[in-house]
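Take a look at the structure set out below.
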Amino acid sequence: MKRVAIACWPDIRLERPVHEINEMFAVHIARAGAVPFLVPIRDRGADLTPYVEQMDGLLLMGGADVSSFLYDEDPHKESERFHFKRDASEIALFHAARKAKKPVLGICRGMHLINVVLGGTLHQHLPDWSTQVTHGGDYPRRFPFHRVRTTGGRMKELYPDGLIVNSFHHQGIRDVAEELTVTAETYDGLPEAVEGEGIFAIQFHPEMEDIQADTMKIYQRFVDEL
């Protein structure tokens with residue numbers, strides 16, 4: 001069976017030495033037919049070879065804001081606390097996976113990080129940019145909240161008529177990295193999916209929907225291409 005490495009996140013809210021993931025990331029990867037395994041945050045310069053050799057693909061999850069310093073901006077007043085060690089660890093893991101030609105799936109923050117690493121930028125606080133679509137709100141996170149139109153790539157193949165997604169983020173892609181192509185967007189023009197060579201990344205969280213064919217499509221496609 002194929003193996004998918006999932007980069008853990010640290011618990012920075014309680015400031016305790018805990019690595020964690022949302023269990024549904026692992027559940028969806030397993031249901032798609034691959035074996036998930038976790039990669040802890042590593043120190044700068046750590047040898048990532050053992051992880052890369054074991055993985056057939058890499059999943060970068062959601063979580064705290066990507067550091068704005070990575071795209072040469074000071075933090076917005078609404079920015080969440082940055083975790084520089086996590087950023088550095090995931091950036092190194094991303095580069096190592098790409099060098100080994102291992103596909104990468106990015107979800108929410110994972111999409112943001114991929115875009116920034118490849119030279120793009122982010123809207124640091126979406127309410128400053130657009131009020132046409134509510135991208136975050138006080139409602140259950142699994143609740144489908146706004147429509148997305150698909151424009152090409154895997155997303156158009158999987159969802160030719162578009163889809164309705166959950167939404168609970170305050171940041172999003174502003175300038176798209178040259179290596180990436182937008183393949184889905186909201187009706188106010190915010191990228192909801194980007195793709196590139198060996199890269200499939202989305203803004204929304206299908207792992208928080210009930211497990212059914214529609215919400216499994218993205219994970220299934222990723223695993224099928226490993």
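Convention: chains lettered A, B, ... in structure tokens order; per-chain residue numbering from 1; ligands numbered from 1 as shown.
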Open item on the list: Would you pick out the contacts of A:Pro40 at 9 Å or less, using only C-alpha atoms, so that residues sharing its chain but fewer than 4 positions from it are not included, and give the list as a PyMOL selection string?
Closed with: chain A and resi 6-10+19-20+89
TODO: Determine which residues of stretch 42-140 of chain A DSSP labels as alpha helix (DSSP H) from the backbone of this structure, then write them out as a ChimeraX atom specification.
DONE: /A:49-54,84-99,109-117
Write out as a Markdown table the residues of stretch 38-106 of chain A that have any atom within 6 Å of an atom of stretch 178-200 of chain A, one row each with the nearest atom pair and its distance in Å to one decimal, counting only C-alpha atoms, sorted by chain and then rising number.
| residue | atom | partner | partner_atom | distance |
| --- | --- | --- | --- | --- |
| A:Pro103 | CA | A:Gly198 | CA | 4.5 |
| A:Val104 | CA | A:Ile199 | CA | 5.0 |
| A:Leu105 | CA | A:Phe200 | CA | 5.0 |
TODO: Please indicate the distance in Å from atom CA of A:Val165 to atom CA of A:Ala34, rounded to one decimal place.
DONE: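 Between these atoms lies a distance of 24.5 Å.
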- [ ] Mind checking which residues fall within 12 Å of A:Gly172, counting only C-alpha atoms, ignoring those fewer than 6 positions away in the same chain, and posting them as an MDAnalysis selection string?
- [x] chainID A and resid 65:66 107:116 120:130 135:136 185:186 189:194 202:204
Among stretch 95-218 of chain A, which residues does DSSP mark as strand (DSSP E or B) when it is run on the backbone? Keep the chain and numbering as in the structure and answer as a PDB file with C-alpha atoms, in the first residue's frame.
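Ended up saving to states_15.pdb:
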ATOM      1  CA  VAL A 104       1.979  17.070  -2.229  1.00  0.00           C
ATOM      2  CA  LEU A 105      -1.591  17.761  -1.071  1.00  0.00           C
ATOM      3  CA  GLY A 106      -2.160  21.034   0.780  1.00  0.00           C
ATOM      4  CA  ILE A 107      -5.268  21.839   2.840  1.00  0.00           C
ATOM      5  CA  LEU A 122      -1.500  36.115   1.048  1.00  0.00           C
ATOM      6  CA  HIS A 123      -4.388  38.333   2.056  1.00  0.00           C
ATOM      7  CA  HIS A 146     -20.563  29.160   0.112  1.00  0.00           C
ATOM      8  CA  ARG A 147     -20.314  28.130  -3.526  1.00  0.00           C
ATOM      9  CA  VAL A 148     -17.128  27.500  -5.453  1.00  0.00           C
ATOM     10  CA  ARG A 149     -16.766  27.451  -9.227  1.00  0.00           C
ATOM     11  CA  THR A 150     -14.193  25.148 -10.773  1.00  0.00           C
ATOM     12  CA  LEU A 163     -19.467  22.671  -5.321  1.00  0.00           C
ATOM     13  CA  ILE A 164     -20.526  24.136  -1.978  1.00  0.00           C
ATOM     14  CA  VAL A 165     -17.844  24.139   0.706  1.00  0.00           C
ATOM     15  CA  GLY A 172      -6.305  33.479   1.516  1.00  0.00           C
ATOM     16  CA  ILE A 173      -4.112  33.615  -1.558  1.00  0.00           C
ATOM     17  CA  THR A 181      -2.666  27.598 -11.580  1.00  0.00           C
ATOM     18  CA  VAL A 182      -5.986  28.473  -9.963  1.00  0.00           C
ATOM     19  CA  THR A 183      -8.458  25.651 -10.613  1.00  0.00           C
ATOM     20  CA  ALA A 184     -11.321  26.751  -8.346  1.00  0.00           C
ATOM     21  CA  GLU A 185     -12.422  30.075  -6.889  1.00  0.00           C
ATOM     22  CA  PRO A 191      -8.612  31.032  -5.064  1.00  0.00           C
ATOM     23  CA  GLU A 192     -10.135  27.895  -3.509  1.00  0.00           C
ATOM     24  CA  ALA A 193      -7.788  25.454  -5.258  1.00  0.00           C
ATOM     25  CA  VAL A 194      -4.413  25.680  -6.969  1.00  0.00           C
ATOM     26  CA  GLU A 195      -2.488  23.040  -8.843  1.00  0.00           C
ATOM     27  CA  GLY A 196       0.999  22.622 -10.221  1.00  0.00           C
ATOM     28  CA  ILE A 199       0.885  19.819  -6.287  1.00  0.00           C
ATOM     29  CA  PHE A 200      -2.830  19.752  -5.465  1.00  0.00           C
ATOM     30  CA  ALA A 201      -3.970  22.283  -2.858  1.00  0.00           C
ATOM     31  CA  ILE A 202      -7.363  23.466  -1.642  1.00  0.00           C
TER      32      ILE A 202
END
- [ ] Find, counting only C-alpha atoms, the residue in A:Met24, A:Ile218, A:Leu226, A:Ile41 that gets nearest to A:Lys85.
- [x]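 Going through A:Met24, A:Ile218, A:Leu226, A:Ile41 one by one, the smallest distance to A:Lys85 is for A:Ile41.
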Task: Using only C-alpha atoms: which of A:Leu93, A:Gly33, A:Ser68, A:Pro160 has the shortest distance to A:Pro50 - done: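 Once distances to A:Pro50 are computed over only C-alpha atoms, the minimum belongs to A:Leu93.
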Task: Distance of atom CA of A:Asp74 from atom CA of A:Gly45, expressed in Å to one decimal place - done: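 Distance between the two atoms: 25.9 Å.
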Open item on the list: Rounded to one decimal, what separation in Å do you get between atom CA of A:Thr215 and atom CA of A:Phe25?
Closed with: 11.8 Å
Open item on the list: Using only C-alpha atoms, can you tell me which of A:Phe222, A:Met55, A:Val4, A:Gly63 comes closest to A:Val35?
Closed with: A:Val4
Task: A:Phe84, A:Tyr51, A:Tyr159, A:Tyr219 ranked by distance to A:Ala100, top pick (using only C-alpha atoms) - done: A:Tyr51
- [ ] May I ask which of the residues A:Ala32, A:Ile21, A:Val27, A:Ala88 is the closest one to A:Met1, counting only C-alpha atoms?
- [x] A:Ala32
TODO: Show which residues sit within 9 Å of A:Ala92, as a PyMOL selection string. Count only C-alpha atoms, and ignore same-chain residues fewer than 3 positions away.
DONE: chain A and resi 44-46+48+87-89+95-97
Let me see the file: selected residues, N, CA and C atoms, as an mmCIF file, in the first residue's frame.
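See part.cif below for the written result:
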data_model
loop_
_atom_site.group_PDB
_atom_site.id
_atom_site.type_symbol
_atom_site.label_atom_id
_atom_site.label_comp_id
_atom_site.auth_asym_id
_atom_site.auth_seq_id
_atom_site.Cartn_x
_atom_site.Cartn_y
_atom_site.Cartn_z
ATOM 1 N N ARG A 44 15.777 22.821 12.325
ATOM 2 C CA ARG A 44 16.399 23.279 11.085
ATOM 3 C C ARG A 44 17.612 22.409 10.767
ATOM 4 N N GLY A 45 17.723 22.016 9.528
ATOM 5 C CA GLY A 45 18.861 21.219 9.094
ATOM 6 C C GLY A 45 18.745 19.743 9.392
ATOM 7 N N ALA A 46 17.632 19.314 9.989
ATOM 8 C CA ALA A 46 17.455 17.889 10.304
ATOM 9 C C ALA A 46 17.404 17.066 9.022
ATOM 10 N N LEU A 48 15.833 14.792 6.647
ATOM 11 C CA LEU A 48 14.470 14.360 6.348
ATOM 12 C C LEU A 48 14.432 13.126 5.456
ATOM 13 N N ASP A 87 6.723 26.462 10.473
ATOM 14 C CA ASP A 87 6.915 26.951 9.107
ATOM 15 C C ASP A 87 8.196 26.383 8.504
ATOM 16 N N ALA A 88 9.296 26.499 9.242
ATOM 17 C CA ALA A 88 10.594 26.050 8.727
ATOM 18 C C ALA A 88 10.602 24.549 8.471
ATOM 19 N N SER A 89 10.005 23.787 9.385
ATOM 20 C CA SER A 89 9.983 22.336 9.242
ATOM 21 C C SER A 89 9.172 21.916 8.021
ATOM 22 N N HIS A 95 10.128 20.989 0.278
ATOM 23 C CA HIS A 95 11.219 20.975 -0.704
ATOM 24 C C HIS A 95 11.786 19.568 -0.879
ATOM 25 N N ALA A 96 11.926 18.836 0.221
ATOM 26 C CA ALA A 96 12.463 17.474 0.143
ATOM 27 C C ALA A 96 11.533 16.558 -0.642
ATOM 28 N N ALA A 97 10.231 16.703 -0.425
ATOM 29 C CA ALA A 97 9.259 15.887 -1.156
ATOM 30 C C ALA A 97 9.290 16.211 -2.644
#
